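Here's the structure we're looking at; comments come further down.
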Amino acid sequence: MKKIQICGAFLGVFAVGVLSGAFLFSSIQPRPIISVANCSTNCLNSSQIKALLLSAGIQYFPQTLSIVQETDTVLVIKSPEPEAKIDYLVLPKKDIKDLGQLTVDDRKYLDDSFMVIAELIQQNNYTNYQVVINGPDRQRLNYLHVHLLVN
């Protein structure tokens, strides 16, 4: 009888996990799935895993991030791996992999990203700054984001 109870509990927890995952990642852009047979081209790398988790975090749990500024379409956080004295990450609230994936519907996310960057520059009187967007092969995080770097 205990085996049946344990098995039933395991199946219940497993089902809750699958349903929770389906909900959390339902609006996330698809990325390669884990593949044992052909890992050289079809595996999730650390950049893609970070992007999946960040995308779910931005969409469902933004309060867990250290938000510097927020609009309806953009979050700004301090980079956990800064590349300059000040390194803000400007993150659209929509999962967009890179500039090559933009659609007409994504315009508001990109427009707002640059408006927020302009506000940060003006509010803080930054003059020695750089704005960086990398392509997919140069991103440590496979999620469209813009760095505002200030030295």
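Chains: A, B, ... in order of the structure tokens. Residues: from 1 per chain. Ligands: from 1, in order shown.
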Item checked: Residue neighbourhood range 68-78 of chain A, 6 Å, only C-alpha atoms, exclusion window fewer than 6 positions, as an NGL selection string -> :A and (87-93 or 109)
Export of prior selection with N, CA and C atoms as a short mmCIF file (atom, residue, chain, number, x, y, z; two decimals), in the first residue's frame:
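So selection_9.cif came out as:
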```cif
data_model
loop_
_atom_site.label_atom_id
_atom_site.label_comp_id
_atom_site.auth_asym_id
_atom_site.auth_seq_id
_atom_site.Cartn_x
_atom_site.Cartn_y
_atom_site.Cartn_z
N ASP A 87 27.05 49.25 -15.25
CA ASP A 87 26.58 48.42 -16.36
C ASP A 87 25.11 48.10 -16.12
N TYR A 88 24.25 48.83 -16.83
CA TYR A 88 22.81 48.56 -16.76
C TYR A 88 22.43 47.62 -17.89
N LEU A 89 21.58 46.67 -17.58
CA LEU A 89 20.98 45.81 -18.61
C LEU A 89 19.57 46.31 -18.85
N VAL A 90 19.27 46.62 -20.07
CA VAL A 90 17.93 47.04 -20.46
C VAL A 90 17.29 45.85 -21.16
N LEU A 91 16.22 45.34 -20.54
CA LEU A 91 15.62 44.08 -20.97
C LEU A 91 14.17 44.28 -21.39
N PRO A 92 13.85 43.98 -22.64
CA PRO A 92 12.44 44.03 -23.05
C PRO A 92 11.64 42.99 -22.25
N LYS A 93 10.39 43.29 -21.98
CA LYS A 93 9.54 42.35 -21.26
C LYS A 93 8.98 41.27 -22.19
N TYR A 109 9.10 47.73 -27.97
CA TYR A 109 10.07 47.27 -26.99
C TYR A 109 11.44 47.91 -27.24
#
```
Check: Quick one: of A:Asn151, A:Asn124, A:Asn142, A:Asn134, who's nearest to Pro82 in chain A, counting only C-alpha atoms?
Finding: A:Asn151
Check: In terms of the shortest atom-to-atom distance over only C-alpha atoms, which of A:Leu149, A:Tyr126, A:Ser66, A:Leu144 is closest to Lys97 in chain A?
Finding: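 Residue with the minimum atom-to-atom distance to Lys97 in chain A: A:Leu144.
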